[in-house]
Structure formats: structure tokens, C-alpha cells
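Undergrad: PDB, C-alpha atoms, file model.pdb:
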ATOM      1  CA  ASP N  10    -116.620  45.634 -36.540
ATOM      2  CA  GLU N  11    -113.020  44.517 -37.223
ATOM      3  CA  PRO N  12    -110.435  47.238 -36.879
ATOM      4  CA  ASP N  13    -109.033  48.799 -40.096
ATOM      5  CA  GLU N  14    -105.595  47.395 -41.299
ATOM      6  CA  GLU N  15    -102.820  49.807 -40.516
ATOM      7  CA  ALA N  16    -101.022  51.209 -43.614
ATOM      8  CA  PRO N  17     -97.188  50.809 -43.886
ATOM      9  CA  HIS N  18     -95.242  53.677 -42.443
ATOM     10  CA  HIS N  19     -91.798  54.869 -43.822
ATOM     11  CA  SER N  20     -89.775  57.080 -41.620
ATOM     12  CA  ALA N  21     -87.941  60.100 -42.980
ATOM     13  CA  ASN N  22     -84.783  58.946 -41.168
ATOM     14  CA  GLY N  23     -84.525  55.698 -43.228
ATOM     15  CA  GLY N  24     -84.614  57.567 -46.516
ATOM     16  CA  GLY N  25     -81.747  59.743 -45.459
ATOM     17  CA  LYS N  26     -79.551  56.770 -44.686
ATOM     18  CA  SER N  27     -80.100  55.287 -48.154
ATOM     19  CA  HIS N  28     -79.117  58.574 -49.777
ATOM     20  CA  THR N  29     -75.920  58.724 -47.721
ATOM     21  CA  LYS N  30     -74.943  55.209 -48.708
ATOM     22  CA  LEU N  31     -75.438  56.061 -52.352
ATOM     23  CA  ILE N  32     -73.177  59.080 -52.113
ATOM     24  CA  ALA N  33     -70.531  57.087 -50.260
ATOM     25  CA  GLY N  34     -70.605  54.421 -52.944
ATOM     26  CA  ILE N  35     -70.149  56.984 -55.647
ATOM     27  CA  VAL N  36     -67.219  58.551 -53.826
ATOM     28  CA  VAL N  37     -65.563  55.193 -53.348
ATOM     29  CA  GLY N  38     -66.059  54.401 -57.006
ATOM     30  CA  VAL N  39     -64.511  57.687 -58.023
ATOM     31  CA  LEU N  40     -61.585  57.063 -55.725
ATOM     32  CA  VAL N  41     -61.078  53.576 -57.136
ATOM     33  CA  ILE N  42     -61.186  54.894 -60.672
ATOM     34  CA  ALA N  43     -58.709  57.622 -59.741
ATOM     35  CA  LEU N  44     -56.381  55.121 -58.151
ATOM     36  CA  ILE N  45     -56.563  52.855 -61.204
ATOM     37  CA  ALA N  46     -55.910  55.770 -63.542
ATOM     38  CA  GLY N  47     -53.018  56.910 -61.396
ATOM     39  CA  GLY N  48     -51.588  53.386 -61.319
ATOM     40  CA  ILE N  49     -51.826  53.092 -65.063
ATOM     41  CA  ALA N  50     -50.152  56.472 -65.501
ATOM     42  CA  TRP N  51     -47.402  55.487 -63.041
ATOM     43  CA  TRP N  52     -46.901  52.125 -64.768
ATOM     44  CA  SER N  53     -46.749  53.759 -68.182
ATOM     45  CA  SER N  54     -44.265  56.383 -66.962
ATOM     46  CA  SER N  55     -42.164  53.753 -65.213
ATOM     47  CA  ARG N  56     -42.160  51.632 -68.347
ATOM     48  CA  ARG N  57     -41.008  54.593 -70.454
ATOM     49  CA  ASN N  58     -38.283  55.405 -67.950
ATOM     50  CA  ASN N  59     -37.049  51.800 -67.909
ATOM     51  CA  ALA N  60     -36.966  51.680 -71.697
ATOM     52  CA  GLN N  61     -35.030  54.957 -71.752
ATOM     53  CA  ARG N  62     -32.549  53.727 -69.156
ATOM     54  CA  ASN N  63     -32.027  50.433 -71.007
ATOM     55  CA  ALA N  64     -31.558  52.271 -74.293
ATOM     56  CA  TYR N  65     -29.010  54.598 -72.699
ATOM     57  CA  THR N  66     -27.082  51.681 -71.171
ATOM     58  CA  LEU N  67     -26.975  49.922 -74.553
ATOM     59  CA  CYS N  68     -25.852  53.158 -76.179
ATOM     60  CA  GLN N  69     -23.008  53.536 -73.689
ATOM     61  CA  ASN N  70     -21.896  49.929 -74.250
ATOM     62  CA  THR N  71     -21.971  50.483 -77.997
ATOM     63  CA  ARG N  72     -19.929  53.662 -77.532
ATOM     64  CA  ASP N  73     -17.347  51.656 -75.583
ATOM     65  CA  SER N  74     -17.128  49.173 -78.451
ATOM     66  CA  TYR N  75     -16.742  52.060 -80.884
ATOM     67  CA  ASP N  76     -13.941  53.570 -78.775
ATOM     68  CA  ASP N  77     -12.108  50.218 -78.683
ATOM     69  CA  ALA N  78     -12.427  49.848 -82.462
ATOM     70  CA  HIS N  79     -11.291  53.436 -83.013
ATOM     71  CA  THR N  80      -8.247  52.981 -80.768
ATOM     72  CA  ALA N  81      -7.273  49.807 -82.631
ATOM     73  CA  LEU N  82      -7.667  51.598 -85.963
ATOM     74  CA  ALA N  83      -5.442  54.477 -84.816
ATOM     75  CA  ALA N  84      -2.695  52.018 -83.841
ATOM     76  CA  ALA N  85      -2.994  50.222 -87.184
ATOM     77  CA  LEU N  86      -2.817  53.550 -89.007
ATOM     78  CA  LYS N  87       0.399  54.447 -87.204
ATOM     79  CA  ASP N  88       2.065  51.240 -88.398
ATOM     80  CA  ALA N  89       0.655  51.569 -91.908
ATOM     81  CA  ASN N  90       1.706  55.209 -92.351
ATOM     82  CA  ALA N  91       5.271  54.245 -91.481
ATOM     83  CA  LEU N  92       5.265  51.919 -94.507
ATOM     84  CA  THR N  93       3.676  54.214 -97.094
ATOM     85  CA  SER N  94       7.003  55.951 -97.730
ATOM     86  CA  THR N  95       8.746  52.658 -98.563
ATOM     87  CA  PRO N  96      10.725  53.049-101.839
ATOM     88  CA  THR N  97       9.392  50.892-104.652
ATOM     89  CA  ASP N  98      12.792  49.252-105.110
ATOM     90  CA  GLN N  99      12.496  47.797-101.605
ATOM     91  CA  VAL N 100       9.398  45.731-102.410
ATOM     92  CA  ALA N 101       8.959  42.839-104.776
ATOM     93  CA  ASP N 102       5.545  44.098-105.926
ATOM     94  CA  ALA N 103       4.967  47.874-106.083
ATOM     95  CA  LYS N 104       1.187  47.334-106.280
ATOM     96  CA  THR N 105       1.177  46.429-102.589
ATOM     97  CA  LEU N 106       2.195  50.012-101.808
ATOM     98  CA  ASP N 107      -0.685  51.389-103.875
ATOM     99  CA  THR N 108      -3.132  49.126-102.061
ATOM    100  CA  LEU N 109      -1.750  50.208 -98.703
ATOM    101  CA  LYS N 110      -2.040  53.916 -99.517
ATOM    102  CA  SER N 111      -5.647  53.413-100.574
ATOM    103  CA  ALA N 112      -6.456  51.524 -97.366
ATOM    104  CA  VAL N 113      -4.801  54.268 -95.318
ATOM    105  CA  ALA N 114      -6.895  56.948 -97.036
ATOM    106  CA  ASP N 115     -10.125  55.045 -96.303
ATOM    107  CA  ALA N 116      -9.120  54.424 -92.688
ATOM    108  CA  GLU N 117      -8.172  58.061 -92.089
ATOM    109  CA  LYS N 118     -11.643  59.195 -93.163
ATOM    110  CA  LEU N 119     -13.187  57.007 -90.471
ATOM    111  CA  ASP N 120     -10.518  57.969 -87.961
ATOM    112  CA  GLN N 121     -11.374  61.649 -88.361
ATOM    113  CA  GLN N 122     -15.140  61.143 -88.535
ATOM    114  CA  SER N 123     -17.100  62.632 -85.628
ATOM    115  CA  VAL N 124     -19.831  60.596 -83.917
ATOM    116  CA  ALA N 125     -22.828  61.460 -81.751
ATOM    117  CA  GLU N 126     -22.709  61.130 -77.986
ATOM    118  CA  CYS N 127     -25.196  59.156 -75.912
ATOM    119  CA  ALA N 128     -27.435  61.843 -74.343
ATOM    120  CA  VAL N 129     -28.787  60.758 -70.962
ATOM    121  CA  ASP N 130     -31.727  63.175 -71.173
ATOM    122  CA  ALA N 131     -32.777  62.216 -74.725
ATOM    123  CA  ASN N 132     -35.859  60.163 -75.438
ATOM    124  CA  THR N 133     -35.646  56.460 -76.211
ATOM    125  CA  ALA N 134     -36.014  56.836 -79.975
ATOM    126  CA  ALA N 135     -33.215  59.403 -80.171
ATOM    127  CA  ILE N 136     -30.901  57.257 -78.037
ATOM    128  CA  GLU N 137     -31.612  54.184 -80.167
ATOM    129  CA  LYS N 138     -30.797  56.203 -83.280
ATOM    130  CA  THR N 139     -27.440  57.184 -81.770
ATOM    131  CA  THR N 140     -26.784  53.555 -80.840
ATOM    132  CA  ASP N 141     -27.435  52.395 -84.404
ATOM    133  CA  SER N 142     -25.121  55.090 -85.764
ATOM    134  CA  LEU N 143     -22.340  54.120 -83.353
ATOM    135  CA  ARG N 144     -22.758  50.432 -84.157
ATOM    136  CA  ASN N 145     -22.636  51.018 -87.911
ATOM    137  CA  THR N 146     -19.557  53.245 -87.620
ATOM    138  CA  ALA N 147     -17.806  50.698 -85.374
ATOM    139  CA  ASN N 148     -18.503  47.974 -87.946
ATOM    140  CA  GLU N 149     -17.090  50.158 -90.725
ATOM    141  CA  ILE N 150     -13.993  50.839 -88.627
ATOM    142  CA  THR N 151     -13.505  47.127 -87.976
ATOM    143  CA  LYS N 152     -13.704  46.403 -91.695
ATOM    144  CA  ALA N 153     -11.315  49.263 -92.484
ATOM    145  CA  LYS N 154      -8.821  47.964 -89.922
ATOM    146  CA  SER N 155      -9.003  44.472 -91.404
ATOM    147  CA  ALA N 156      -8.270  45.894 -94.857
ATOM    148  CA  LEU N 157      -5.468  48.015 -93.405
ATOM    149  CA  ASP N 158      -3.925  45.045 -91.589
ATOM    150  CA  ALA N 159      -4.050  42.950 -94.754
ATOM    151  CA  ALA N 160      -2.447  45.732 -96.823
ATOM    152  CA  THR N 161       0.243  46.280 -94.194
ATOM    153  CA  LYS N 162       1.060  42.580 -94.116
ATOM    154  CA  ALA N 163       1.223  42.475 -97.911
ATOM    155  CA  VAL N 164       3.793  45.292 -97.983
ATOM    156  CA  ASN N 165       5.871  43.696 -95.225
ATOM    157  CA  ASP N 166       5.771  40.352 -97.045
ATOM    158  CA  SER N 167       6.769  42.083-100.268
ATOM    159  CA  LYS N 168       9.638  43.842 -98.496
ATOM    160  CA  ASN N 169      10.780  40.562 -97.032
ATOM    161  CA  MET N 170      10.600  38.897-100.437
ATOM    162  CA  GLN N 171      12.673  41.670-101.980
ATOM    163  CA  SER N 172      15.134  41.517 -99.114
ATOM    164  CA  GLN N 173      15.386  37.763 -99.542
ATOM    165  CA  SER N 174      16.022  38.190-103.243
ATOM    166  CA  ALA N 175      18.689  40.850-102.678
ATOM    167  CA  ALA N 176      20.359  38.758 -99.993
ATOM    168  CA  ARG N 177      20.326  35.694-102.230
ATOM    169  CA  ASP N 178      21.852  37.692-105.093
ATOM    170  CA  GLU N 179      24.534  39.053-102.773
ATOM    171  CA  LEU N 180      25.346  35.589-101.477
ATOM    172  CA  THR N 181      25.353  34.053-104.964
ATOM    173  CA  LYS N 182      27.799  36.679-106.192
ATOM    174  CA  ALA N 183      30.048  36.075-103.203
ATOM    175  CA  ILE N 184      29.983  32.330-103.912
ATOM    176  CA  ASP N 185      30.830  32.884-107.579
ATOM    177  CA  ASP N 186      33.715  35.203-106.699
ATOM    178  CA  ALA N 187      35.060  32.707-104.160
ATOM    179  CA  GLN N 188      34.794  29.884-106.679
ATOM    180  CA  LYS N 189      36.797  31.875-109.222
ATOM    181  CA  ILE N 190      39.515  32.452-106.634
ATOM    182  CA  LEU N 191      39.530  28.763-105.802
ATOM    183  CA  ASP N 192      39.782  27.725-109.457
ATOM    184  CA  ALA N 193      42.610  30.195-110.110
ATOM    185  CA  SER N 194      44.569  28.911-107.124
ATOM    186  CA  ALA N 195      44.943  25.327-108.330
ATOM    187  CA  ASN N 196      48.593  24.240-108.050
ATOM    188  CA  ALA N 197      49.430  27.760-106.970
ATOM    189  CA  VAL N 198      48.778  27.607-103.224
ATOM    190  CA  THR N 199      48.913  25.198-100.325
ATOM    191  CA  GLU N 200      46.058  22.709-100.245
ATOM    192  CA  GLN N 201      45.181  23.522 -96.644
ATOM    193  CA  VAL N 202      44.248  27.077 -97.575
ATOM    194  CA  ARG N 203      42.274  25.908-100.614
ATOM    195  CA  THR N 204      40.442  23.287 -98.540
ATOM    196  CA  ASP N 205      39.312  25.958 -96.097
ATOM    197  CA  LEU N 206      37.875  28.013 -98.954
ATOM    198  CA  GLU N 207      36.182  24.946-100.424
ATOM    199  CA  ASN N 208      34.453  24.293 -97.094
ATOM    200  CA  ARG N 209      33.288  27.889 -96.801
ATOM    201  CA  ILE N 210      31.861  27.733-100.330
ATOM    202  CA  ALA N 211      29.959  24.552 -99.448
ATOM    203  CA  ASP N 212      28.519  26.214 -96.343
ATOM    204  CA  ALA N 213      27.475  29.244 -98.381
ATOM    205  CA  ARG N 214      25.728  27.099-101.008
ATOM    206  CA  LYS N 215      23.815  25.317 -98.252
ATOM    207  CA  LEU N 216      22.687  28.653 -96.815
ATOM    208  CA  ALA N 217      21.669  29.906-100.263
ATOM    209  CA  ASP N 218      19.497  26.829-100.787
ATOM    210  CA  GLY N 219      17.410  27.684 -97.716
ATOM    211  CA  GLN N 220      13.916  29.155 -98.053
ATOM    212  CA  ASN N 221      14.306  32.003 -95.582
ATOM    213  CA  LEU N 222      17.535  33.949 -95.698
ATOM    214  CA  ASN N 223      18.424  36.042 -92.694
ATOM    215  CA  ALA N 224      20.215  39.258 -93.651
ATOM    216  CA  GLU N 225      22.613  38.943 -90.731
ATOM    217  CA  ASP N 226      23.451  35.345 -91.677
ATOM    218  CA  VAL N 227      24.085  36.370 -95.274
ATOM    219  CA  THR N 228      26.304  39.262 -94.212
ATOM    220  CA  ALA N 229      28.298  36.971 -91.940
ATOM    221  CA  MET N 230      28.652  34.323 -94.662
ATOM    222  CA  VAL N 231      29.752  36.854 -97.267
ATOM    223  CA  LYS N 232      32.436  38.056 -94.860
ATOM    224  CA  THR N 233      33.531  34.471 -94.217
ATOM    225  CA  LEU N 234      33.834  33.820 -97.950
ATOM    226  CA  THR N 235      35.666  37.087 -98.503
ATOM    227  CA  ASP N 236      38.119  36.345 -95.700
ATOM    228  CA  ALA N 237      38.736  32.812 -96.947
ATOM    229  CA  GLY N 238      39.181  34.058-100.520
ATOM    230  CA  THR N 239      41.580  36.763 -99.347
ATOM    231  CA  ALA N 240      43.592  34.159 -97.464
ATOM    232  CA  VAL N 241      43.906  32.081-100.627
ATOM    233  CA  GLN N 242      44.931  35.092-102.694
ATOM    234  CA  GLN N 243      47.501  36.111-100.114
ATOM    235  CA  SER N 244      48.839  32.582 -99.977
ATOM    236  CA  GLN N 245      48.876  32.481-103.749
ATOM    237  CA  THR N 246      50.816  35.747-103.850
ATOM    238  CA  GLU N 247      53.246  34.444-101.274
ATOM    239  CA  TYR N 248      53.645  31.234-103.256
ATOM    240  CA  ALA N 249      54.215  33.176-106.467
ATOM    241  CA  ASN N 250      56.767  35.375-104.734
ATOM    242  CA  GLN N 251      58.549  32.314-103.413
ATOM    243  CA  GLN N 252      58.566  30.766-106.853
ATOM    244  CA  ALA N 253      59.868  33.983-108.344
ATOM    245  CA  ALA N 254      62.565  34.231-105.691
ATOM    246  CA  THR N 255      63.584  30.635-106.287
ATOM    247  CA  ALA N 256      63.685  31.205-110.022
ATOM    248  CA  GLN N 257      65.742  34.339-109.557
ATOM    249  CA  GLN N 258      68.148  32.523-107.293
ATOM    250  CA  ALA N 259      68.452  29.739-109.857
ATOM    251  CA  ALA N 260      69.073  32.252-112.605
ATOM    252  CA  GLU N 261      71.691  34.043-110.565
ATOM    253  CA  GLU N 262      73.363  30.746-109.749
ATOM    254  CA  ALA N 263      73.327  29.746-113.394
ATOM    255  CA  GLN N 264      74.831  33.082-114.326
ATOM    256  CA  ARG N 265      77.595  32.669-111.728
ATOM    257  CA  GLN N 266      78.368  29.217-113.030
ATOM    258  CA  ALA N 267      78.457  30.480-116.600
ATOM    259  CA  GLU N 268      80.766  33.298-115.656
ATOM    260  CA  ALA N 269      83.016  30.885-113.782
ATOM    261  CA  GLN N 270      83.149  28.554-116.734
ATOM    262  CA  ALA N 271      83.977  31.448-119.052
ATOM    263  CA  GLN N 272      86.773  32.597-116.790
ATOM    264  CA  ALA N 273      88.158  29.064-116.574
ATOM    265  CA  ALA N 274      88.144  28.730-120.372
ATOM    266  CA  GLN N 275      89.847  32.056-120.785
ATOM    267  CA  GLN N 276      92.474  31.103-118.236
ATOM    268  CA  ALA N 277      93.069  27.821-120.057
ATOM    269  CA  GLN N 278      93.591  29.629-123.328
ATOM    270  CA  GLN N 279      96.075  31.968-121.725
ATOM    271  CA  ASN N 280      98.012  29.080-120.200
ATOM    272  CA  ALA N 281      98.147  27.283-123.531
ATOM    273  CA  ALA N 282      99.687  30.324-125.205
TER     274      ALA N 282
END
Step by step, read the file and then write its structure as C-alpha cells.

TA:
Amino acid sequence: DEPDEEAPHHSANGGGKSHTKLIAGIVVGVLVIALIAGGIAWWSSSRRNNAQRNAYTLCQNTRDSYDDAHTALAAALKDANALTSTPTDQVADAKTLDTLKSAVADAEKLDQQSVAECAVDANTAAIEKTTDSLRNTANEITKAKSALDAATKAVNDSKNMQSQSAARDELTKAIDDAQKILDASANAVTEQVRTDLENRIADARKLADGQNLNAEDVTAMVKTLTDAGTAVQQSQTEYANQQAATAQQAAEEAQRQAEAQAQAAQQAQQNAA
């Protein structure tokens, strides 16, 4: 007879190895999952931290821009406040003063307004909210400064216009007064003195015809006209005194001659008797 076929034989040791491999695979899988989860958590935290840092940096930059705008507004307010007390008779248009005072009031509200600080430990949303608030306030300040600058310029222009008008009036009056002196001195003073006054009047008219009158130039010209007019009047007085003296001398001489003739006639009558 043929021998019976031997049945397959599985050792107990081989089954143990398979079980160990299974456990090791599970452990590795758990470790991989843990590492992935940890990486995702780290990435998410890092991303949040970067966003927070970027938001804080932007907030600080916006705060710097706000500070620059606020400093510029404070300087503009100082100049504007110095003009608000300008008397209305020193401006050509009093409405410019009203506009300036209104612009100053608006600017002072922003100048005194408190703003939030950029908090380094705040979350991103809170920092971004502060940034938006700072940006909006800085924009309002910039607009207020522009309005303040325009109002300040308008008052200064109005003051200059009024000053120009007053200077022109002063110069015109001085010219008119000098012309009257010149007209009254015809044939009553030396021509050299009158010619000097005529030249000064011509110079003054030329200055008055200019678009921009300088107060110092006007003051100097008025003095020149006054001095020239005074010289003519003094010369005219001297001339009148000379004429009066000559006339008096002539009258005295005529009187002496008349008296001499009377004495001669009387003497002749006496001799004839």
C-alpha cells in the first residue's frame, strides 16, 4: 500500500509572529495619525500667529500715519487760532473769518478725540478693528486739515486784500495832497523845487498802478511825497516872504520919495515968499 499523504502542519510560533506584525502596524498607524494631527495643529497655530503678527504690524504702521496726521493738524490749528481774533475791519470779506472759526471748531474735536492703541496680545479681529478705526480717524483728520488750511489761506488773502486796499487809499490821498500843493505853487516857487515834486508824484502814480502794493514801499513813497510837498511849501513861503519884503521895500522907498518931494515943494513955496 502507498503511504498516507501527510497533512499540512502550522506551527504555533508562526501565528505569534503574524499577531506581532499586526500590532506593530497598528501602532505605526496611530503614530502617523498623531504626527499628522500634530502637524495640522502646529500649522494652524502658526498660521494664526502669523496673521496676528501681520495685523499688529499693520496696526502700528497705521498708528504712525495717524500720529503724523495728528501732529500736522495740531500745527495747522496753532496757525489758524492765531487768525481767529483778527478784527473784521482788517479783512476784505468778514465771511472768511466765520468759515475759519467753523473749521477750527471741527478740527479741535478731532484733535481732542482719543483713539485706541494697538494691543500686541489682542486677537487678529480686534487688532484689525483698531486698525480700521485709526485709518478712518486719520482720514478725517487729513480732511479737516485741508479744510483748515483752505480757511486759513482765505483769511490771509482777505487780510492782504484789505491791506492792499488801505495802502492804495493812503497812497492815493498822498498823491492828491501833493498834486494840490503843486497846483497851488504855480508861479509862486522856483521851478526846480516844483519839478522835484512832479517827479515824485509820477513815481507814486506808477506804484499805485501796480497789482501788489507793499506796505513798506507805500510808507516810503508817502514820506517821499510829503517831504517833496513840504519843500515846495517852504519854498513857496520863502518866495512869498521875499515878495512881501520887496514890496515893503518898494513902498518904503516910494514913501521916502513922496516925503522928499513934499519937502522940496514946501521949501520952494517958502523961498518964493

Undergrad: Please provide the set of residues having any atom within 8 Å of segment 243-254 of chain N, restricted to only C-alpha atoms, with same-chain residues fewer than 5 positions apart removed, written as an mmCIF file with C-alpha atoms, in the coordinates of the input.

TA:
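See out.cif below for the written result:
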data_model
loop_
_atom_site.group_PDB
_atom_site.id
_atom_site.type_symbol
_atom_site.label_atom_id
_atom_site.label_comp_id
_atom_site.auth_asym_id
_atom_site.auth_seq_id
_atom_site.Cartn_x
_atom_site.Cartn_y
_atom_site.Cartn_z
ATOM 1 C CA SER N 194 44.569 28.911 -107.124
ATOM 2 C CA ALA N 197 49.430 27.760 -106.970
ATOM 3 C CA VAL N 198 48.778 27.607 -103.224
ATOM 4 C CA THR N 199 48.913 25.198 -100.325
ATOM 5 C CA VAL N 202 44.248 27.077 -97.575
#

Undergrad: Tell me which of N:Ala128, N:Ala160, N:Ala83, N:Leu143 sits closest to Lys104 of chain N, counting all atoms listed in the file.

TA: N:Ala160

Undergrad: Would you list the contacts of Leu191 of chain N as a list in words, taking every protein, DNA or RNA residue within 9 Å and counting all atoms listed in the file, but skipping same-chain residues closer than 3 positions in sequence?

TA: Asp186, Ala187, Gln188, Ser194, Ala195, Arg203, Leu206, Glu207, Gly238, Val241 and Gln242 of chain N

Undergrad: List the neighbours of Thr95 of chain N out to 8 Å using all atoms listed in the file; skip same-chain residues closer than 4 positions along the sequence, and give me the result as a count of residues only.

TA: 3

Undergrad: Identify all residues satisfying the PyMOL selection byres ((chain N and resi 163) around 10) in the given file; provide them as a list of chain:residue names.

TA: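 Given this file, the PyMOL selection byres ((chain N and resi 163) around 10) evaluates to N:Val100, N:Asp102, N:Lys104, N:Thr105, N:Leu106, N:Thr108, N:Leu109, N:Leu157, N:Asp158, N:Ala159, N:Ala160, N:Thr161, N:Lys162, N:Val164, N:Asn165, N:Asp166, N:Ser167, N:Lys168, N:Asn169.
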
Undergrad: To one decimal in Å, tell me the separation between atom CA of Asp107 of chain N and atom CA of Leu92 of chain N.

TA: 11.1 Å

Undergrad: Got a sec to resolve the PyMOL selection byres ((chain N and resi 150) around 10) on this structure and send the residues as a PyMOL selection string?

TA: chain N and resi 75+78-82+115-120+144-149+151-156

Undergrad: Could you take the residues named above and write them with C-alpha atoms, as a tab-separated table (two decimals), in the coordinates of the input?

TA:
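For reference, selection.tsv as written:
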chain	number	residue	atom	x	y	z
N	75	TYR	CA	-16.74	52.06	-80.88
N	78	ALA	CA	-12.43	49.85	-82.46
N	79	HIS	CA	-11.29	53.44	-83.01
N	80	THR	CA	-8.25	52.98	-80.77
N	81	ALA	CA	-7.27	49.81	-82.63
N	82	LEU	CA	-7.67	51.60	-85.96
N	115	ASP	CA	-10.12	55.04	-96.30
N	116	ALA	CA	-9.12	54.42	-92.69
N	117	GLU	CA	-8.17	58.06	-92.09
N	118	LYS	CA	-11.64	59.20	-93.16
N	119	LEU	CA	-13.19	57.01	-90.47
N	120	ASP	CA	-10.52	57.97	-87.96
N	144	ARG	CA	-22.76	50.43	-84.16
N	145	ASN	CA	-22.64	51.02	-87.91
N	146	THR	CA	-19.56	53.24	-87.62
N	147	ALA	CA	-17.81	50.70	-85.37
N	148	ASN	CA	-18.50	47.97	-87.95
N	149	GLU	CA	-17.09	50.16	-90.72
N	151	THR	CA	-13.50	47.13	-87.98
N	152	LYS	CA	-13.70	46.40	-91.70
N	153	ALA	CA	-11.32	49.26	-92.48
N	154	LYS	CA	-8.82	47.96	-89.92
N	155	SER	CA	-9.00	44.47	-91.40
N	156	ALA	CA	-8.27	45.89	-94.86

Undergrad: Would you please work out which residue, of N:Glu137, N:Asp76, N:Glu179, N:Glu268, is nearest to Ser123 of chain N when using all atoms listed in the file?

TA: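 Among the listed residues, the smallest separation from Ser123 of chain N belongs to N:Asp76.
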
Undergrad: Find the residues near Ala224 of chain N: any atom within 10 Å, counting only C-alpha atoms, skip ones fewer than 5 places away on the same chain, and give them as a PyMOL selection string.

TA: chain N and resi 172-173+175-177+229-230

Undergrad: Restricting the calculation to only C-alpha atoms, which member of N:Thr228, N:Thr71, N:Gln264, N:Ser174 is positioned closest to Lys138 of chain N?

TA: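 Among N:Thr228, N:Thr71, N:Gln264, N:Ser174, it is N:Thr71 that comes nearest to Lys138 of chain N.
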
Undergrad: Is it possible to get the axis-aligned box enclosing segment 155-174 of chain N (all listed atoms, 8 Å extra per side) as AutoDock Vina command-line options, with centre and edge lengths in Å rounded to one decimal?

TA:
--center_x 3.5 --center_y 42.9 --center_z -97.3 --size_x 41.0 --size_y 26.3 --size_z 27.8

Undergrad: Find the residue from N:Gln279, N:Ser111, N:Gln266, N:Asn70 that sits nearest to Thr139 of chain N; use all atoms listed in the file when measuring.

TA: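 Smallest separation from Thr139 of chain N among the options: N:Asn70.
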
Undergrad: Could you tell me how far atom CA of Val129 of chain N sits from atom CA of Ser142 of chain N, in Å to one decimal place?

TA: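 Taking atom CA of Ser142 of chain N and atom CA of Val129 of chain N, their separation equals 16.3 Å.
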